[in-house]
file protein.cif (mmCIF, C-alpha atoms)
data_structure
loop_
_atom_site.group_PDB
_atom_site.id
_atom_site.type_symbol
_atom_site.label_atom_id
_atom_site.label_comp_id
_atom_site.auth_asym_id
_atom_site.auth_seq_id
_atom_site.Cartn_x
_atom_site.Cartn_y
_atom_site.Cartn_z
ATOM 1 C CA MET B 290 175.255 146.614 204.093
ATOM 2 C CA LEU B 291 173.023 144.587 206.395
ATOM 3 C CA ASP B 292 170.391 147.324 206.261
ATOM 4 C CA ALA B 293 170.288 147.148 202.485
ATOM 5 C CA LEU B 294 169.002 143.576 202.537
ATOM 6 C CA ASP B 295 165.288 143.061 201.990
ATOM 7 C CA VAL B 296 165.194 140.642 204.903
ATOM 8 C CA GLY B 297 165.146 140.972 208.643
ATOM 9 C CA VAL B 298 168.657 141.023 210.132
ATOM 10 C CA VAL B 299 169.608 140.629 213.798
ATOM 11 C CA VAL B 300 173.222 140.345 215.006
ATOM 12 C CA LEU B 301 174.009 138.985 218.492
ATOM 13 C CA ASP B 302 177.406 139.111 220.187
ATOM 14 C CA GLN B 303 178.904 136.315 222.281
ATOM 15 C CA GLN B 304 176.889 137.466 225.299
ATOM 16 C CA ARG B 305 173.651 137.211 223.243
ATOM 17 C CA GLN B 306 173.286 140.971 223.226
ATOM 18 C CA ILE B 307 171.720 142.595 220.170
ATOM 19 C CA ARG B 308 174.397 144.483 218.252
ATOM 20 C CA HIS B 309 172.404 145.170 215.110
ATOM 21 C CA TRP B 310 168.698 145.415 214.381
ATOM 22 C CA ASN B 311 168.001 146.475 210.823
ATOM 23 C CA ALA B 312 165.202 148.626 209.431
ATOM 24 C CA TRP B 313 163.271 145.596 208.159
ATOM 25 C CA MET B 314 163.097 144.168 211.697
ATOM 26 C CA ALA B 315 162.075 147.565 213.057
ATOM 27 C CA ARG B 316 159.156 147.784 210.591
ATOM 28 C CA ALA B 317 158.072 144.189 211.093
ATOM 29 C CA SER B 318 158.239 144.195 214.899
ATOM 30 C CA GLY B 319 157.384 147.806 215.659
ATOM 31 C CA LEU B 320 160.565 148.069 217.739
ATOM 32 C CA PRO B 321 163.040 150.742 216.561
ATOM 33 C CA PRO B 322 166.752 149.858 216.856
ATOM 34 C CA GLU B 323 167.379 152.238 219.760
ATOM 35 C CA THR B 324 164.944 150.278 221.938
ATOM 36 C CA VAL B 325 166.612 146.912 221.444
ATOM 37 C CA VAL B 326 170.312 147.406 220.594
ATOM 38 C CA ALA B 327 172.663 146.503 223.519
ATOM 39 C CA ARG B 328 169.927 144.511 225.210
ATOM 40 C CA ARG B 329 170.086 140.769 225.674
ATOM 41 C CA PHE B 330 168.024 139.002 223.070
ATOM 42 C CA ASP B 331 166.056 137.004 225.665
ATOM 43 C CA THR B 332 164.918 140.225 227.374
ATOM 44 C CA VAL B 333 163.458 141.523 224.124
ATOM 45 C CA PHE B 334 161.824 138.226 223.177
ATOM 46 C CA PRO B 335 161.507 136.165 226.341
ATOM 47 C CA PRO B 336 162.288 133.381 226.665
ATOM 48 C CA CYS B 337 164.668 133.989 223.760
ATOM 49 C CA GLY B 338 162.031 133.083 221.199
ATOM 50 C CA ASN B 339 161.131 129.441 221.134
ATOM 51 C CA THR B 340 163.258 126.407 221.905
ATOM 52 C CA ARG B 341 164.235 125.851 218.273
ATOM 53 C CA LEU B 342 165.559 129.397 217.939
ATOM 54 C CA ARG B 343 167.429 129.249 221.242
ATOM 55 C CA GLU B 344 169.110 125.986 220.236
ATOM 56 C CA ALA B 345 169.950 127.417 216.802
ATOM 57 C CA ILE B 346 171.634 130.466 218.396
ATOM 58 C CA GLU B 347 173.710 128.263 220.721
ATOM 59 C CA GLN B 348 174.804 126.002 217.872
ATOM 60 C CA ALA B 349 175.794 128.946 215.720
ATOM 61 C CA LEU B 350 177.858 130.693 218.434
ATOM 62 C CA ALA B 351 179.430 127.617 220.017
ATOM 63 C CA LEU B 352 179.886 125.336 217.036
ATOM 64 C CA GLY B 353 179.436 127.529 213.946
ATOM 65 C CA VAL B 354 176.637 125.248 212.728
ATOM 66 C CA PRO B 355 173.988 127.082 210.649
ATOM 67 C CA THR B 356 170.322 126.230 211.157
ATOM 68 C CA THR B 357 167.268 127.036 209.068
ATOM 69 C CA LEU B 358 163.893 127.277 210.775
ATOM 70 C CA THR B 359 161.388 126.682 208.003
ATOM 71 C CA GLU B 360 157.852 128.067 207.773
ATOM 72 C CA THR B 361 157.780 129.846 211.100
ATOM 73 C CA LEU B 362 154.746 132.008 211.819
ATOM 74 C CA ASN B 363 154.789 135.425 213.409
ATOM 75 C CA GLY B 364 154.806 134.786 217.136
ATOM 76 C CA GLU B 365 156.712 131.496 216.896
ATOM 77 C CA VAL B 366 160.080 133.259 216.760
ATOM 78 C CA PHE B 367 159.395 137.016 216.728
ATOM 79 C CA PRO B 368 156.097 138.857 217.332
ATOM 80 C CA LEU B 369 156.147 140.346 213.847
ATOM 81 C CA ARG B 370 153.244 142.588 212.936
ATOM 82 C CA CYS B 371 150.964 142.699 209.910
ATOM 83 C CA PRO B 372 148.639 145.730 209.585
ATOM 84 C CA ASP B 373 145.673 143.682 208.348
ATOM 85 C CA GLY B 374 146.098 140.955 210.950
ATOM 86 C CA ARG B 375 147.339 138.260 208.556
ATOM 87 C CA LYS B 376 149.825 135.735 209.828
ATOM 88 C CA LEU B 377 153.219 136.163 208.215
ATOM 89 C CA ARG B 378 155.315 133.171 207.228
ATOM 90 C CA HIS B 379 159.097 133.224 207.453
ATOM 91 C CA ASN B 380 162.174 131.166 206.911
ATOM 92 C CA VAL B 381 164.732 131.988 209.605
ATOM 93 C CA LEU B 382 168.430 131.309 208.986
ATOM 94 C CA VAL B 383 170.724 131.330 212.020
ATOM 95 C CA SER B 384 174.472 131.250 211.336
ATOM 96 C CA ARG B 385 177.876 132.307 212.657
ATOM 97 C CA TYR B 386 178.999 135.777 211.571
ATOM 98 C CA GLU B 387 182.509 137.208 211.826
ATOM 99 C CA ASP B 388 183.175 140.942 211.976
ATOM 100 C CA SER B 389 185.980 143.142 213.302
ATOM 101 C CA SER B 390 184.986 142.466 216.891
ATOM 102 C CA GLY B 391 184.955 138.707 216.560
ATOM 103 C CA PRO B 392 182.363 135.940 216.152
ATOM 104 C CA CYS B 393 178.692 136.869 216.266
ATOM 105 C CA CYS B 394 175.368 135.187 215.602
ATOM 106 C CA LEU B 395 173.585 136.355 212.446
ATOM 107 C CA ILE B 396 169.819 135.844 212.300
ATOM 108 C CA GLN B 397 168.136 136.430 208.911
ATOM 109 C CA VAL B 398 164.359 136.503 208.629
ATOM 110 C CA HIS B 399 163.009 135.920 205.090
ATOM 111 C CA ASP B 400 159.362 136.779 204.593
ATOM 112 C CA ILE B 401 157.816 134.062 202.382
ATOM 113 C CA THR B 402 154.186 135.063 202.953
ATOM 114 C CA ALA B 403 153.639 136.375 199.413
ATOM 115 C CA ARG B 404 155.415 133.387 197.879
ATOM 116 C CA ARG B 405 153.318 130.932 199.856
ATOM 117 C CA ALA B 406 150.145 132.838 198.924
ATOM 118 C CA ALA B 407 151.151 132.675 195.258
ATOM 119 C CA GLU B 408 151.890 128.954 195.539
ATOM 120 C CA THR B 409 148.516 128.380 197.184
ATOM 121 C CA ALA B 410 146.762 130.348 194.448
ATOM 122 C CA LEU B 411 148.663 128.353 191.811
ATOM 123 C CA ARG B 412 147.677 125.058 193.439
ATOM 124 C CA ARG B 413 144.052 126.146 193.510
ATOM 125 C CA SER B 414 144.243 127.220 189.880
ATOM 126 C CA GLU B 415 145.830 123.911 188.885
ATOM 127 C CA ASP B 416 143.229 122.023 190.905
ATOM 128 C CA HIS B 417 140.452 124.003 189.201
ATOM 129 C CA TYR B 418 141.951 123.294 185.785
ATOM 130 C CA ARG B 419 142.378 119.597 186.607
ATOM 131 C CA HIS B 420 138.735 119.249 187.624
ATOM 132 C CA THR B 421 137.641 121.263 184.594
ATOM 133 C CA VAL B 422 139.468 118.769 182.395
ATOM 134 C CA GLU B 423 138.531 115.609 184.270
ATOM 135 C CA LEU B 424 134.845 116.467 184.712
ATOM 136 C CA ASN B 425 134.399 117.762 181.167
ATOM 137 C CA PRO B 426 132.015 115.483 179.210
ATOM 138 C CA GLN B 427 134.344 116.014 176.262
ATOM 139 C CA VAL B 428 137.831 114.506 176.178
ATOM 140 C CA PRO B 429 140.498 117.231 175.906
ATOM 141 C CA TRP B 430 143.816 116.145 174.389
ATOM 142 C CA THR B 431 147.012 117.634 173.019
ATOM 143 C CA ALA B 432 149.482 116.517 170.375
ATOM 144 C CA ASP B 433 152.916 117.724 169.389
ATOM 145 C CA ALA B 434 153.670 119.443 166.093
ATOM 146 C CA GLN B 435 154.150 116.042 164.427
ATOM 147 C CA GLY B 436 150.686 114.876 165.486
ATOM 148 C CA LEU B 437 151.775 112.508 168.245
ATOM 149 C CA ILE B 438 149.461 112.557 171.246
ATOM 150 C CA GLU B 439 151.023 113.977 174.404
ATOM 151 C CA THR B 440 148.112 114.190 176.860
ATOM 152 C CA PHE B 441 144.604 112.812 177.285
ATOM 153 C CA SER B 442 142.141 113.436 180.073
ATOM 154 C CA LYS B 443 141.293 110.585 182.426
ATOM 155 C CA ARG B 444 137.851 110.383 180.827
ATOM 156 C CA TRP B 445 139.427 108.798 177.730
ATOM 157 C CA LEU B 446 141.002 106.141 179.920
ATOM 158 C CA THR B 447 137.687 105.508 181.658
ATOM 159 C CA LEU B 448 135.840 105.197 178.355
ATOM 160 C CA THR B 449 138.336 102.969 176.573
ATOM 161 C CA GLY B 450 140.045 101.083 179.381
ATOM 162 C CA GLN B 451 143.465 102.059 178.058
ATOM 163 C CA SER B 452 146.305 102.574 180.516
ATOM 164 C CA PRO B 453 147.719 106.101 180.949
ATOM 165 C CA GLU B 454 150.598 105.282 178.566
ATOM 166 C CA GLU B 455 148.625 103.534 175.823
ATOM 167 C CA PRO B 456 146.986 106.538 174.065
ATOM 168 C CA LEU B 457 150.273 108.429 173.807
ATOM 169 C CA GLY B 458 151.922 108.785 170.420
ATOM 170 C CA ASP B 459 149.611 106.895 168.071
ATOM 171 C CA GLY B 460 148.398 104.368 170.653
ATOM 172 C CA TRP B 461 144.893 105.860 170.573
ATOM 173 C CA ALA B 462 144.405 104.231 167.146
ATOM 174 C CA ARG B 463 144.120 100.799 168.781
ATOM 175 C CA VAL B 464 140.583 101.578 169.990
ATOM 176 C CA ILE B 465 139.270 103.143 166.774
ATOM 177 C CA HIS B 466 136.804 101.094 164.700
ATOM 178 C CA PRO B 467 138.767 99.378 161.869
ATOM 179 C CA GLU B 468 136.340 100.733 159.275
ATOM 180 C CA ASP B 469 136.885 104.328 160.423
ATOM 181 C CA LEU B 470 140.624 104.262 161.104
ATOM 182 C CA PRO B 471 141.981 104.720 157.531
ATOM 183 C CA ALA B 472 139.892 107.832 156.840
ATOM 184 C CA MET B 473 140.636 109.173 160.311
ATOM 185 C CA LEU B 474 144.386 108.757 159.872
ATOM 186 C CA GLN B 475 144.229 110.327 156.436
ATOM 187 C CA ALA B 476 142.374 113.376 157.783
ATOM 188 C CA TRP B 477 144.711 113.739 160.762
ATOM 189 C CA THR B 478 147.823 113.423 158.595
ATOM 190 C CA ALA B 479 146.492 116.062 156.197
ATOM 191 C CA SER B 480 145.795 118.474 159.068
ATOM 192 C CA VAL B 481 149.232 117.944 160.626
ATOM 193 C CA GLN B 482 150.918 118.548 157.262
ATOM 194 C CA THR B 483 148.867 121.587 156.243
ATOM 195 C CA GLY B 484 147.876 123.099 159.609
ATOM 196 C CA ALA B 485 144.191 122.989 158.644
ATOM 197 C CA PRO B 486 141.666 122.392 161.463
ATOM 198 C CA TYR B 487 140.913 118.734 162.089
ATOM 199 C CA ASP B 488 137.299 117.530 162.282
ATOM 200 C CA THR B 489 136.172 113.943 161.826
ATOM 201 C CA ALA B 490 133.539 111.495 163.102
ATOM 202 C CA HIS B 491 134.574 107.970 164.071
ATOM 203 C CA ARG B 492 133.739 105.104 166.363
ATOM 204 C CA VAL B 493 135.639 104.263 169.537
ATOM 205 C CA ARG B 494 135.720 100.865 171.245
ATOM 206 C CA LEU B 495 134.612 101.114 174.868
ATOM 207 C CA THR B 496 135.657 98.999 177.832
ATOM 208 C CA ASP B 497 132.707 96.615 177.290
ATOM 209 C CA GLY B 498 133.698 96.018 173.669
ATOM 210 C CA SER B 499 130.897 98.089 172.155
ATOM 211 C CA PHE B 500 131.511 101.048 169.843
ATOM 212 C CA ARG B 501 130.228 104.589 170.161
ATOM 213 C CA TRP B 502 130.324 107.403 167.661
ATOM 214 C CA MET B 503 132.663 110.266 168.564
ATOM 215 C CA ARG B 504 133.670 113.523 166.921
ATOM 216 C CA SER B 505 137.298 114.625 167.200
ATOM 217 C CA ARG B 506 138.357 118.183 166.453
ATOM 218 C CA ALA B 507 141.650 120.017 166.839
ATOM 219 C CA VAL B 508 143.343 123.299 165.962
ATOM 220 C CA PRO B 509 147.055 124.162 166.006
ATOM 221 C CA ARG B 510 148.827 126.646 168.231
ATOM 222 C CA ARG B 511 151.506 128.592 166.379
ATOM 223 C CA ASP B 512 154.432 130.774 167.365
ATOM 224 C CA GLY B 513 155.107 134.268 166.050
ATOM 225 C CA THR B 514 156.519 132.904 162.798
ATOM 226 C CA GLY B 515 153.518 130.673 162.120
ATOM 227 C CA THR B 516 155.295 127.448 163.052
ATOM 228 C CA ILE B 517 153.002 124.926 164.713
ATOM 229 C CA LEU B 518 153.966 124.307 168.329
ATOM 230 C CA ARG B 519 151.201 121.990 169.491
ATOM 231 C CA TRP B 520 147.715 120.770 168.652
ATOM 232 C CA TYR B 521 144.780 121.210 171.038
ATOM 233 C CA GLY B 522 141.822 118.944 170.507
ATOM 234 C CA THR B 523 138.642 117.493 171.970
ATOM 235 C CA THR B 524 136.764 114.263 171.401
ATOM 236 C CA GLU B 525 133.033 114.334 172.165
ATOM 237 C CA ASP B 526 130.349 111.673 172.253
ATOM 238 C CA ILE B 527 127.904 112.112 169.330
ATOM 239 C CA HIS B 528 126.507 108.576 169.402
ATOM 240 C CA ASP B 529 122.861 109.452 170.083
ATOM 241 C CA ARG B 530 122.914 112.252 167.542
ATOM 242 C CA LYS B 531 124.518 109.972 164.949
ATOM 243 C CA LEU B 532 121.903 107.280 165.508
ATOM 244 C CA ALA B 533 119.109 109.850 165.220
ATOM 245 C CA GLU B 534 120.562 111.127 161.929
ATOM 246 C CA GLU B 535 120.839 107.591 160.580
ATOM 247 C CA ALA B 536 117.273 106.801 161.647
ATOM 248 C CA SER B 537 116.046 109.960 159.914
ATOM 249 C CA ARG B 538 117.963 109.064 156.760
ATOM 250 C CA ARG B 539 116.545 105.536 156.710
ATOM 251 C CA SER B 540 113.026 106.908 157.203
ATOM 252 C CA GLU B 541 113.533 109.314 154.319
ATOM 253 C CA GLN B 542 114.805 106.499 152.094
ATOM 254 C CA ARG B 543 111.784 104.329 152.925
ATOM 255 C CA LEU B 544 109.446 107.207 152.137
ATOM 256 C CA ARG B 545 111.213 107.851 148.835
ATOM 257 C CA ARG B 546 110.998 104.177 147.845
ATOM 258 C CA ALA B 547 107.322 104.080 148.742
ATOM 259 C CA MET B 548 106.669 107.224 146.729
ATOM 260 C CA GLU B 549 108.462 105.854 143.668
ATOM 261 C CA THR B 550 106.407 102.641 143.650
ATOM 262 C CA GLN B 551 103.127 104.535 143.519
ATOM 263 C CA THR B 552 101.212 104.356 140.184
ATOM 264 C CA VAL B 553 99.594 107.709 140.833
ATOM 265 C CA GLY B 554 101.358 111.019 140.727
ATOM 266 C CA VAL B 555 102.673 112.304 144.064
ATOM 267 C CA ILE B 556 104.053 115.764 144.647
ATOM 268 C CA PHE B 557 105.398 117.470 147.757
ATOM 269 C CA PHE B 558 104.990 121.136 148.644
ATOM 270 C CA ASP B 559 106.968 123.235 151.114
ATOM 271 C CA PRO B 560 105.119 125.456 153.631
ATOM 272 C CA ALA B 561 105.106 128.298 151.061
ATOM 273 C CA GLY B 562 103.229 126.153 148.544
ATOM 274 C CA THR B 563 106.160 125.561 146.203
ATOM 275 C CA ILE B 564 106.512 122.072 144.714
ATOM 276 C CA LYS B 565 109.762 120.600 146.021
ATOM 277 C CA GLU B 566 109.635 117.013 144.784
ATOM 278 C CA ALA B 567 107.554 114.689 142.617
ATOM 279 C CA ASN B 568 107.555 110.965 141.949
ATOM 280 C CA THR B 569 108.186 109.214 138.630
ATOM 281 C CA ALA B 570 104.478 108.649 137.961
ATOM 282 C CA PHE B 571 103.779 112.397 138.144
ATOM 283 C CA LEU B 572 106.705 113.189 135.845
ATOM 284 C CA THR B 573 105.579 110.552 133.344
ATOM 285 C CA PHE B 574 102.044 111.788 132.824
ATOM 286 C CA SER B 575 102.855 115.498 133.292
ATOM 287 C CA GLY B 576 105.816 115.593 130.952
ATOM 288 C CA PHE B 577 107.949 117.596 133.385
ATOM 289 C CA SER B 578 111.479 116.574 134.315
ATOM 290 C CA ARG B 579 113.078 116.476 137.763
ATOM 291 C CA GLU B 580 115.094 119.511 136.706
ATOM 292 C CA ASP B 581 111.837 121.343 136.017
ATOM 293 C CA VAL B 582 110.589 120.429 139.487
ATOM 294 C CA ALA B 583 113.872 121.509 141.096
ATOM 295 C CA ALA B 584 113.821 124.823 139.212
ATOM 296 C CA GLY B 585 110.118 125.430 139.851
ATOM 297 C CA ARG B 586 109.277 125.378 136.116
ATOM 298 C CA LEU B 587 105.839 123.744 136.379
ATOM 299 C CA ASN B 588 103.669 126.495 134.885
#
call {"tool": "encode", "arguments": {"input": "protein.cif", "output": "structure tokens"}}
result
Amino acid sequence: MLDALDVGVVVLDQQRQIRHWNAWMARASGLPPETVVARRFDTVFPPCGNTRLREAIEQALALGVPTTLTETLNGEVFPLRCPDGRKLRHNVLVSRYEDSSGPCCLIQVHDITARRAAETALRRSEDHYRHTVELNPQVPWTADAQGLIETFSKRWLTLTGQSPEEPLGDGWARVIHPEDLPAMLQAWTASVQTGAPYDTAHRVRLTDGSFRWMRSRAVPRRDGTGTILRWYGTTEDIHDRKLAEEASRRSEQRLRRAMETQTVGVIFFDPAGTIKEANTAFLTFSGFSREDVAAGRLN
């Protein structure tokens, strides 16, 4: 039964002689059972491994006290081999073992190399994801199926000065411009109720009290039945773009007002030579309507 275990197994009798050396230990150490069985343990691994192992063996045989040696490396307890030269990590459990011949010391060697490698890879992946989120110029966020915010990136906290708990639920609304909040809540409520993508522009109060234009968007994640599980969203800074659009709109309005106050006819052509717009003075003396201009009926 001991050979069936996917761990290294060594059994020592009261005289510290090796009574059992399973196939796992033979593969890991390169020592077949016939070369070590009936030999004292400290002659195979002088001086009986390290001090921690020697003490653990004595405690197990004399007192029946089990000991776990955590995160040992190959060479610290046993000179275990790895074909590619990697260092193997092990947890070693030393305990009292009773069989037909009496009390023995049972040593179990659990290889945790792959598990530790997986944990390291997971930590690196999580660290990569964390930096991707924290260094993203956008603000990633998630909400539950009812539309209550569950997570925000630290960038939101830096921008708004809110504490980590404040944006959760509907706390984010406290830093939205009062003029934008009603429409924003209406759009968010409609998306949560219908599952339609969310997309709205709004202003956010920053730590210095000023407001900047942002654009928040979100889409739902659904299960196999179509039920919404969670919302994934981003909030991005569109302040400069919004100001540029407003400046362009104001410039266009000023031009239109100036055109309409002219007493002479003014018409505008596109690059292809088609009349696109005309002022009131032109329409008055030409007899055409704005509909004619829009439809290109000026012949």
call {"tool": "residues_near_point", "arguments": {"input": "protein.cif", "point": "(163.4, 132.8, 213.9)", "cutoff": "8 Å", "atoms": "all atoms listed in the file", "output": "NGL selection string"}}
result
:B and (338 or 342 or 358 or 361 or 365-367 or 379-383 or 396-398)
call {"tool": "resolve_selection", "arguments": {"input": "protein.cif", "expression": "the PyMOL selection byres ((chain B and resi 323) around 12)", "output": "list in words"}}
result
Ile307, Arg308, His309, Trp310, Asn311, Ala312, Ala315, Gly319, Leu320, Pro321, Pro322, Thr324, Val325, Val326, Ala327 and Arg328 of chain B
call {"tool": "closest_residue", "arguments": {"input": "protein.cif", "among": "B:Leu395, B:Leu377, B:Val464, B:Leu470", "to": "Leu362 of chain B", "atoms": "all atoms listed in the file"}}
result
B:Leu377
call {"tool": "atom_distance", "arguments": {"input": "protein.cif", "atom1": "atom CA of Thr478 of chain B", "atom2": "atom CA of Gly436 of chain B"}}
result
7.6 Å
call {"tool": "resolve_selection", "arguments": {"input": "protein.cif", "expression": "the PyMOL selection byres ((chain B and resi 501) around 6)", "output": "PDB file with C-alpha atoms, keeping the file's coordinate frame"}}
result
ATOM      1  CA  ARG B 492     133.739 105.104 166.363  1.00  0.00           C
ATOM      2  CA  VAL B 493     135.639 104.263 169.537  1.00  0.00           C
ATOM      3  CA  PHE B 500     131.511 101.048 169.843  1.00  0.00           C
ATOM      4  CA  TRP B 502     130.324 107.403 167.661  1.00  0.00           C
ATOM      5  CA  HIS B 528     126.507 108.576 169.402  1.00  0.00           C
TER       6      HIS B 528
END
call {"tool": "closest_residue", "arguments": {"input": "protein.cif", "among": "B:Gln348, B:Ser414, B:Ser452, B:Thr516", "to": "Asp433 of chain B", "atoms": "only C-alpha atoms"}}
result
B:Thr516
call {"tool": "atom_distance", "arguments": {"input": "protein.cif", "atom1": "atom CA of Arg412 of chain B", "atom2": "atom CA of Glu360 of chain B"}}
result
17.8 Å
call {"tool": "residues_around", "arguments": {"input": "protein.cif", "residues": "Cys393 of chain B", "least_positions_apart": "4", "cutoff": "7 Å", "atoms": "all atoms listed in the file", "output": "MDAnalysis selection string"}}
result
chainID B and resid 300:303 350 385:387
call {"tool": "write_last_selection", "arguments": {"input": "protein.cif", "atoms": "C-alpha atoms", "output": "compact mmCIF listing (two decimals), keeping the file's coordinate frame"}}
result
# COMPACT_ATOMS: atom_id res chain seq x y z
CA VAL B 300 173.22 140.34 215.01
CA LEU B 301 174.01 138.99 218.49
CA ASP B 302 177.41 139.11 220.19
CA GLN B 303 178.90 136.32 222.28
CA LEU B 350 177.86 130.69 218.43
CA ARG B 385 177.88 132.31 212.66
CA TYR B 386 179.00 135.78 211.57
CA GLU B 387 182.51 137.21 211.83
call {"tool": "resolve_selection", "arguments": {"input": "protein.cif", "expression": "the PyMOL selection byres ((chain B and resi 508) around 7)", "output": "number ranges by chain"}}
result
B: 486-487, 507, 509-510, 520-522
call {"tool": "atom_distance", "arguments": {"input": "protein.cif", "atom1": "atom CA of Leu518 of chain B", "atom2": "atom CA of Asp488 of chain B"}}
result
19.0 Å
call {"tool": "closest_residue", "arguments": {"input": "protein.cif", "among": "B:Ser505, B:Glu344, B:Asp512, B:Val296", "to": "Ile401 of chain B", "atoms": "all atoms listed in the file"}}
result
B:Val296
call {"tool": "closest_residue", "arguments": {"input": "protein.cif", "among": "B:Thr523, B:Ser389, B:Ser318, B:Gln475", "to": "Ala432 of chain B", "atoms": "only C-alpha atoms"}}
result
B:Thr523
call {"tool": "closest_residue", "arguments": {"input": "protein.cif", "among": "B:Thr440, B:Ala479, B:Ile517, B:Ala485", "to": "Glu454 of chain B", "atoms": "only C-alpha atoms"}}
result
B:Thr440
call {"tool": "decode", "arguments": {"input": "protein.cif", "residues": "segment 455-471 of chain B", "atoms": "N, CA and C atoms", "output": "CSV table (one decimal), in the first residue's frame"}}
result
chain,number,residue,atom,x,y,z
B,455,GLU,N,-16.4,54.4,-0.3
B,455,GLU,CA,-17.4,55.3,-0.7
B,455,GLU,C,-18.0,55.0,-2.1
B,456,PRO,N,-17.3,54.7,-3.1
B,456,PRO,CA,-17.9,54.5,-4.4
B,456,PRO,C,-18.8,53.2,-4.5
B,457,LEU,N,-18.7,52.3,-3.5
B,457,LEU,CA,-19.4,51.1,-3.6
B,457,LEU,C,-20.9,51.3,-3.5
B,458,GLY,N,-21.7,50.4,-4.0
B,458,GLY,CA,-23.1,50.6,-4.1
B,458,GLY,C,-23.5,51.7,-5.0
B,459,ASP,N,-24.1,52.8,-4.5
B,459,ASP,CA,-24.4,53.9,-5.3
B,459,ASP,C,-23.6,55.2,-4.8
B,460,GLY,N,-22.6,54.9,-4.0
B,460,GLY,CA,-21.8,56.0,-3.4
B,460,GLY,C,-21.1,56.9,-4.5
B,461,TRP,N,-20.8,56.3,-5.6
B,461,TRP,CA,-20.2,57.1,-6.7
B,461,TRP,C,-21.0,58.3,-7.1
B,462,ALA,N,-22.3,58.3,-6.9
B,462,ALA,CA,-23.1,59.4,-7.3
B,462,ALA,C,-22.8,60.7,-6.6
B,463,ARG,N,-22.2,60.6,-5.4
B,463,ARG,CA,-21.9,61.8,-4.7
B,463,ARG,C,-20.9,62.7,-5.3
B,464,VAL,N,-20.1,62.2,-6.3
B,464,VAL,CA,-19.2,63.1,-7.0
B,464,VAL,C,-19.6,63.4,-8.4
B,465,ILE,N,-20.8,63.1,-8.8
B,465,ILE,CA,-21.3,63.4,-10.1
B,465,ILE,C,-21.9,64.8,-10.1
B,466,HIS,N,-21.7,65.6,-11.2
B,466,HIS,CA,-22.2,66.9,-11.2
B,466,HIS,C,-23.8,66.9,-11.1
B,467,PRO,N,-24.3,67.7,-10.2
B,467,PRO,CA,-25.8,67.7,-10.0
B,467,PRO,C,-26.6,67.8,-11.2
B,468,GLU,N,-26.1,68.6,-12.2
B,468,GLU,CA,-26.9,68.7,-13.4
B,468,GLU,C,-26.9,67.5,-14.3
B,469,ASP,N,-25.9,66.6,-14.1
B,469,ASP,CA,-25.8,65.4,-15.0
B,469,ASP,C,-26.3,64.2,-14.3
B,470,LEU,N,-26.5,64.2,-13.0
B,470,LEU,CA,-26.8,63.0,-12.2
B,470,LEU,C,-28.2,62.5,-12.6
B,471,PRO,N,-29.3,63.3,-12.7
B,471,PRO,CA,-30.6,62.7,-13.0
B,471,PRO,C,-30.6,61.9,-14.3
